[in-house]
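Note sheet for the following structure.
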Amino acid sequence: MTTPLLEVRDITAGFGATTVLHGVSFDVPQGSIAGIFGLNGAGKSVTMKVLGGSVPARSGSVHFRGQDITKLSPEKRVAMGMGHVPQGRQVFPGLTVEENLRLGAYTLRRKDKKRYGPALNGVFDRFPILAQRRGQLAGTMSGGQQASLAVGRALINEPDLILVDEPSAGLSPVATLELDEVLQAVAHTGVTMVLVEQNIAFGLSLVDTAHLMQTGTVVHSGPVGELDDQTLATHLGIGRVLQAAAGSALAARQAPPVKKGSRARRPA
Ligand SMILES: Nc1ncnc2c1ncn2[C@@H]1O[C@H](COP(=O)(O)OP(=O)(O)OP(=O)(O)O)[C@@H](O)[C@H]1O
Ligand SMILES: [Mg+2]
């Protein structure tokens, strides 16, 4: 069996006297999308921060491409091919679209200045809206456009793995649909993704594997095709209306012949 691109083993983490993660474990195979779902405060963002390196793990390990990165700085992880779209998108509102992208490409520019131009053009090709608005202040863009900018900023370093935390939060239904297209397109390029989503129906439509978190641990992991309403209801405590929406997303995912791993992969 090939080594998963990302291996998360028994992570504990916390702040001061508080332990927030009590042993988080999951694997993310190359080219797949892993979804992390859970109620507010379950520890999804802290998990993403431990993966990105901005919150230290107190115990356990994170391996990326088989290499132990548990103690590496966020910058080193980015240089190794990890990208992060943080919760709240965190674009710099007072900087232009292009300045935001340039900052995102800091590591790439340090590694190889010549790659910056083509990488910027690559992002502009994928997100024409960013090309059209390259001189606009990011803070004056719509939520959906800022989401594209945050994803573009993570992609500009040409990562193998991106960590995307609640990209649909606060977006209108139309902007959420647009974001869905963006993330599907990103997935088709073969980039591996860890996605956190509160919008269960939206998240389930994107991911291959679902990891359900409760109070700092993963209580269920498995392919989306094997997830049922009952498991969702038990672990996420979601109400009937939301459950119905999630159920229809599940039904769509389970309808044959959606073949897992059928996305086009970048050549190795
Ligand atoms: N910097 C911090 N200092 C202290 N406690 C923190 C810090 N960051 C997170 N926590 C706590 O850790 C717990 C998990 O937070 P986390 O942000 O991971 O939740 P989440 O699952 O992402 O929730 P949400 O869906 O609301 O984004 C919460 O109880 C939160 O208050
Ligand atoms: Mg969060």
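Ordering of the structure tokens sets the chain letters (A, B, ...); residue numbers start at 1 within each chain; ligands are numbered from 1 in the order shown.
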Within-7 Å residues of ligand 1, basis only C-alpha atoms and all ligand atoms, as a PyMOL selection string: chain A and resi 15+20+38-47+198
Write out, as a short mmCIF file (atom, residue, chain, number, x, y, z; two decimals), in the first residue's frame, the residues just selected, with C-alpha atoms.
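Saved result, out-v5.cif, follows:
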data_model
loop_
_atom_site.label_atom_id
_atom_site.label_comp_id
_atom_site.auth_asym_id
_atom_site.auth_seq_id
_atom_site.Cartn_x
_atom_site.Cartn_y
_atom_site.Cartn_z
CA PHE A 15 -3.79 26.22 25.23
CA VAL A 20 -8.44 20.81 23.14
CA GLY A 38 -18.09 18.66 13.72
CA LEU A 39 -20.03 21.08 15.87
CA ASN A 40 -18.70 24.48 16.90
CA GLY A 41 -15.76 24.06 19.22
CA ALA A 42 -15.11 20.41 18.31
CA GLY A 43 -11.49 21.24 17.46
CA LYS A 44 -11.59 21.36 13.67
CA SER A 45 -9.69 24.62 13.29
CA VAL A 46 -7.18 23.69 15.97
CA THR A 47 -6.58 20.43 14.08
CA GLN A 198 -20.03 23.66 8.75
#
Strand (DSSP E or B) positions in segment 6-242 of chain A, given as number ranges by chain: A: 6-15, 18-28, 33-38, 59-64, 67-68, 82-85, 96, 137, 161-165, 192-196, 209-214, 217-223
Backbone-only DSSP, alpha helix (DSSP H) members of segment 196-243 of chain A, as number ranges by chain: A: 200-206, 229-236, 240-243
Keeping only N, CA, C and O atoms, write those residues as a CSV table (one decimal), in the first residue's frame.
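File produced: out-v4.csv:
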chain,number,residue,atom,x,y,z
A,200,ILE,N,-22.8,21.1,5.9
A,200,ILE,CA,-22.5,19.7,5.8
A,200,ILE,C,-22.9,19.2,4.3
A,200,ILE,O,-22.1,18.4,3.7
A,201,ALA,N,-24.0,19.7,3.8
A,201,ALA,CA,-24.4,19.3,2.5
A,201,ALA,C,-23.3,19.7,1.5
A,201,ALA,O,-22.9,18.9,0.6
A,202,PHE,N,-22.8,20.9,1.6
A,202,PHE,CA,-21.8,21.4,0.7
A,202,PHE,C,-20.5,20.6,0.8
A,202,PHE,O,-19.9,20.2,-0.1
A,203,GLY,N,-20.2,20.4,2.1
A,203,GLY,CA,-18.9,19.6,2.3
A,203,GLY,C,-19.0,18.2,1.8
A,203,GLY,O,-18.1,17.7,1.2
A,204,LEU,N,-20.1,17.5,2.1
A,204,LEU,CA,-20.3,16.1,1.6
A,204,LEU,C,-20.2,16.0,0.1
A,204,LEU,O,-19.8,15.0,-0.4
A,205,SER,N,-20.7,17.1,-0.6
A,205,SER,CA,-20.7,17.0,-2.0
A,205,SER,C,-19.2,17.0,-2.6
A,205,SER,O,-19.0,16.7,-3.7
A,206,LEU,N,-18.3,17.5,-1.8
A,206,LEU,CA,-16.9,17.7,-2.2
A,206,LEU,C,-16.0,16.5,-1.8
A,206,LEU,O,-15.1,16.2,-2.6
A,229,ASP,N,-27.3,8.6,7.3
A,229,ASP,CA,-28.0,9.7,8.1
A,229,ASP,C,-27.8,9.5,9.6
A,229,ASP,O,-27.6,10.5,10.3
A,230,GLN,N,-27.9,8.2,10.0
A,230,GLN,CA,-27.9,7.9,11.4
A,230,GLN,C,-26.5,8.3,12.0
A,230,GLN,O,-26.5,8.9,13.1
A,231,THR,N,-25.5,8.0,11.3
A,231,THR,CA,-24.1,8.3,11.8
A,231,THR,C,-24.0,9.8,11.9
A,231,THR,O,-23.4,10.3,12.9
A,232,LEU,N,-24.4,10.5,10.9
A,232,LEU,CA,-24.4,12.0,10.9
A,232,LEU,C,-25.1,12.5,12.1
A,232,LEU,O,-24.6,13.4,12.8
A,233,ALA,N,-26.3,12.0,12.3
A,233,ALA,CA,-27.2,12.5,13.3
A,233,ALA,C,-26.6,12.2,14.7
A,233,ALA,O,-26.6,13.1,15.6
A,234,THR,N,-26.0,11.0,14.8
A,234,THR,CA,-25.4,10.6,16.1
A,234,THR,C,-24.2,11.5,16.5
A,234,THR,O,-24.1,12.0,17.6
A,235,HIS,N,-23.3,11.7,15.5
A,235,HIS,CA,-22.1,12.3,15.8
A,235,HIS,C,-22.1,13.8,15.7
A,235,HIS,O,-21.3,14.5,16.3
A,236,LEU,N,-23.0,14.3,14.8
A,236,LEU,CA,-23.0,15.8,14.6
A,236,LEU,C,-24.3,16.4,15.3
A,236,LEU,O,-24.4,17.6,15.4
A,240,ARG,N,-33.4,17.7,11.9
A,240,ARG,CA,-33.9,17.0,10.8
A,240,ARG,C,-33.8,17.7,9.5
A,240,ARG,O,-33.6,17.1,8.5
A,241,VAL,N,-34.0,19.1,9.5
A,241,VAL,CA,-34.0,19.8,8.3
A,241,VAL,C,-32.6,19.7,7.6
A,241,VAL,O,-32.4,19.3,6.5
A,242,LEU,N,-31.6,20.0,8.5
A,242,LEU,CA,-30.2,19.9,8.0
A,242,LEU,C,-29.9,18.5,7.6
A,242,LEU,O,-29.2,18.2,6.6
A,243,GLN,N,-30.4,17.5,8.3
A,243,GLN,CA,-30.1,16.1,8.0
A,243,GLN,C,-30.7,15.8,6.7
A,243,GLN,O,-30.1,15.0,5.9
Spatial neighbours of Gly31 of chain A, 6 Å, only C-alpha atoms, chain gap at least 2 places, as an MDAnalysis selection string: chainID A and resid 190:192
File dump, residues just selected, N, CA, C and O atoms, as a PDB file, in the first residue's frame:
ATOM      1  N   GLY A 190      -5.646  17.504  -9.063  1.00  0.00           N
ATOM      2  CA  GLY A 190      -4.919  16.460  -8.327  1.00  0.00           C
ATOM      3  C   GLY A 190      -4.385  16.915  -6.987  1.00  0.00           C
ATOM      4  O   GLY A 190      -3.743  16.152  -6.279  1.00  0.00           O
ATOM      5  N   VAL A 191      -4.668  18.196  -6.625  1.00  0.00           N
ATOM      6  CA  VAL A 191      -4.225  18.681  -5.315  1.00  0.00           C
ATOM      7  C   VAL A 191      -5.003  17.931  -4.227  1.00  0.00           C
ATOM      8  O   VAL A 191      -6.208  17.769  -4.318  1.00  0.00           O
ATOM      9  N   THR A 192      -4.286  17.472  -3.228  1.00  0.00           N
ATOM     10  CA  THR A 192      -4.921  16.811  -2.094  1.00  0.00           C
ATOM     11  C   THR A 192      -5.457  17.900  -1.164  1.00  0.00           C
ATOM     12  O   THR A 192      -4.856  18.967  -1.063  1.00  0.00           O
TER      13      THR A 192
END
Spatial neighbours of segment 93-100 of chain A, max dist 10 Å, only C-alpha atoms, sep filter under 2 positions, as an MDAnalysis selection string: chainID A and resid 90:91 102:105 120 124 130:141 145:146 149:150 152:153
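Of the residues under consideration (A:Leu21, A:Ala210, A:Val151, A:Leu163), A:Leu163 shows the shortest atom-to-atom contact distance to Val194 of chain A when counting only C-alpha atoms.
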Surrounding residues of Gly14 of chain A excluding itself and chain neighbours under 4 positions, 9 Å, only C-alpha atoms, as a ChimeraX atom specification: /A:18-22,46,55-58
Could the residues in this selection be saved with all heavy atoms as a JSON list (two decimals), in the first residue's frame?
[["chain", "number", "residue", "atom", "x", "y", "z"],
["A", 18, "THR", "N", -5.71, 24.11, 29.25],
["A", 18, "THR", "CA", -6.81, 23.43, 28.54],
["A", 18, "THR", "C", -6.28, 22.53, 27.44],
["A", 18, "THR", "O", -5.48, 22.96, 26.60],
["A", 18, "THR", "CB", -7.73, 24.49, 27.87],
["A", 18, "THR", "OG1", -7.98, 25.50, 28.83],
["A", 18, "THR", "CG2", -9.01, 23.88, 27.36],
["A", 19, "THR", "N", -6.73, 21.28, 27.45],
["A", 19, "THR", "CA", -6.42, 20.40, 26.32],
["A", 19, "THR", "C", -7.62, 20.42, 25.38],
["A", 19, "THR", "O", -8.75, 20.21, 25.81],
["A", 19, "THR", "CB", -6.15, 18.97, 26.82],
["A", 19, "THR", "OG1", -5.06, 19.04, 27.74],
["A", 19, "THR", "CG2", -5.78, 18.04, 25.69],
["A", 20, "VAL", "N", -7.36, 20.70, 24.11],
["A", 20, "VAL", "CA", -8.44, 20.81, 23.14],
["A", 20, "VAL", "C", -8.52, 19.57, 22.26],
["A", 20, "VAL", "O", -9.60, 19.05, 21.99],
["A", 20, "VAL", "CB", -8.25, 22.08, 22.26],
["A", 20, "VAL", "CG1", -9.26, 22.10, 21.12],
["A", 20, "VAL", "CG2", -8.38, 23.34, 23.10],
["A", 21, "LEU", "N", -7.37, 19.09, 21.82],
["A", 21, "LEU", "CA", -7.35, 17.85, 21.01],
["A", 21, "LEU", "C", -6.87, 16.71, 21.89],
["A", 21, "LEU", "O", -5.81, 16.80, 22.51],
["A", 21, "LEU", "CB", -6.43, 18.02, 19.79],
["A", 21, "LEU", "CG", -6.77, 19.16, 18.82],
["A", 21, "LEU", "CD1", -5.84, 19.13, 17.61],
["A", 21, "LEU", "CD2", -8.23, 19.09, 18.38],
["A", 22, "HIS", "N", -7.66, 15.64, 21.92],
["A", 22, "HIS", "CA", -7.37, 14.52, 22.82],
["A", 22, "HIS", "C", -6.99, 13.27, 22.04],
["A", 22, "HIS", "O", -7.54, 12.21, 22.28],
["A", 22, "HIS", "CB", -8.60, 14.21, 23.68],
["A", 22, "HIS", "CG", -9.11, 15.35, 24.48],
["A", 22, "HIS", "ND1", -8.68, 15.64, 25.75],
["A", 22, "HIS", "CD2", -10.01, 16.32, 24.17],
["A", 22, "HIS", "CE1", -9.31, 16.70, 26.21],
["A", 22, "HIS", "NE2", -10.11, 17.14, 25.26],
["A", 46, "VAL", "N", -8.43, 23.97, 15.26],
["A", 46, "VAL", "CA", -7.18, 23.69, 15.97],
["A", 46, "VAL", "C", -6.45, 22.54, 15.28],
["A", 46, "VAL", "O", -5.23, 22.58, 15.10],
["A", 46, "VAL", "CB", -7.44, 23.41, 17.48],
["A", 46, "VAL", "CG1", -6.16, 22.97, 18.17],
["A", 46, "VAL", "CG2", -7.99, 24.66, 18.16],
["A", 55, "VAL", "N", -0.16, 25.94, 15.52],
["A", 55, "VAL", "CA", -0.38, 25.50, 16.91],
["A", 55, "VAL", "C", 0.45, 24.23, 17.09],
["A", 55, "VAL", "O", 0.34, 23.31, 16.27],
["A", 55, "VAL", "CB", -1.89, 25.22, 17.19],
["A", 55, "VAL", "CG1", -2.07, 24.47, 18.50],
["A", 55, "VAL", "CG2", -2.68, 26.52, 17.21],
["A", 56, "PRO", "N", 1.30, 24.18, 18.14],
["A", 56, "PRO", "CA", 2.15, 22.99, 18.30],
["A", 56, "PRO", "C", 1.36, 21.79, 18.82],
["A", 56, "PRO", "O", 0.42, 21.95, 19.59],
["A", 56, "PRO", "CB", 3.19, 23.44, 19.33],
["A", 56, "PRO", "CG", 2.53, 24.54, 20.09],
["A", 56, "PRO", "CD", 1.56, 25.21, 19.15],
["A", 57, "ALA", "N", 1.75, 20.62, 18.36],
["A", 57, "ALA", "CA", 1.19, 19.39, 18.94],
["A", 57, "ALA", "C", 1.92, 19.12, 20.24],
["A", 57, "ALA", "O", 3.13, 19.30, 20.32],
["A", 57, "ALA", "CB", 1.40, 18.22, 17.98],
["A", 58, "ARG", "N", 1.17, 18.74, 21.28],
["A", 58, "ARG", "CA", 1.82, 18.40, 22.55],
["A", 58, "ARG", "C", 2.32, 16.96, 22.54],
["A", 58, "ARG", "O", 3.29, 16.62, 23.19],
["A", 58, "ARG", "CB", 0.85, 18.63, 23.71],
["A", 58, "ARG", "CG", 0.64, 20.12, 23.95],
["A", 58, "ARG", "CD", -0.31, 20.38, 25.11],
["A", 58, "ARG", "NE", -0.33, 21.80, 25.42],
["A", 58, "ARG", "CZ", -1.21, 22.38, 26.20],
["A", 58, "ARG", "NH1", -2.17, 21.64, 26.77],
["A", 58, "ARG", "NH2", -1.16, 23.67, 26.44]]
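In this structure, atom CA of Val219 of chain A sits 27.2 Å away from atom CA of Arg77 of chain A.
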Exercise: Val62 of chain A partners within 12 Å, only C-alpha atoms, chain neighbours under 2 positions left out, as a ChimeraX atom specification: /A:4-12,23-28,47-53,56-60,64-72,77
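Atom pair atom CA of Asp208 of chain A / atom CA of Leu171 of chain A: separated by 23.0 Å.
Taking atom CA of Ile129 of chain A and atom CA of Leu101 of chain A as the two end points, the separation is 13.3 Å.
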Within 12 Å of Ser172 of chain A using only C-alpha atoms, minus same-chain residues under 5 positions, as a count of residues only: 10
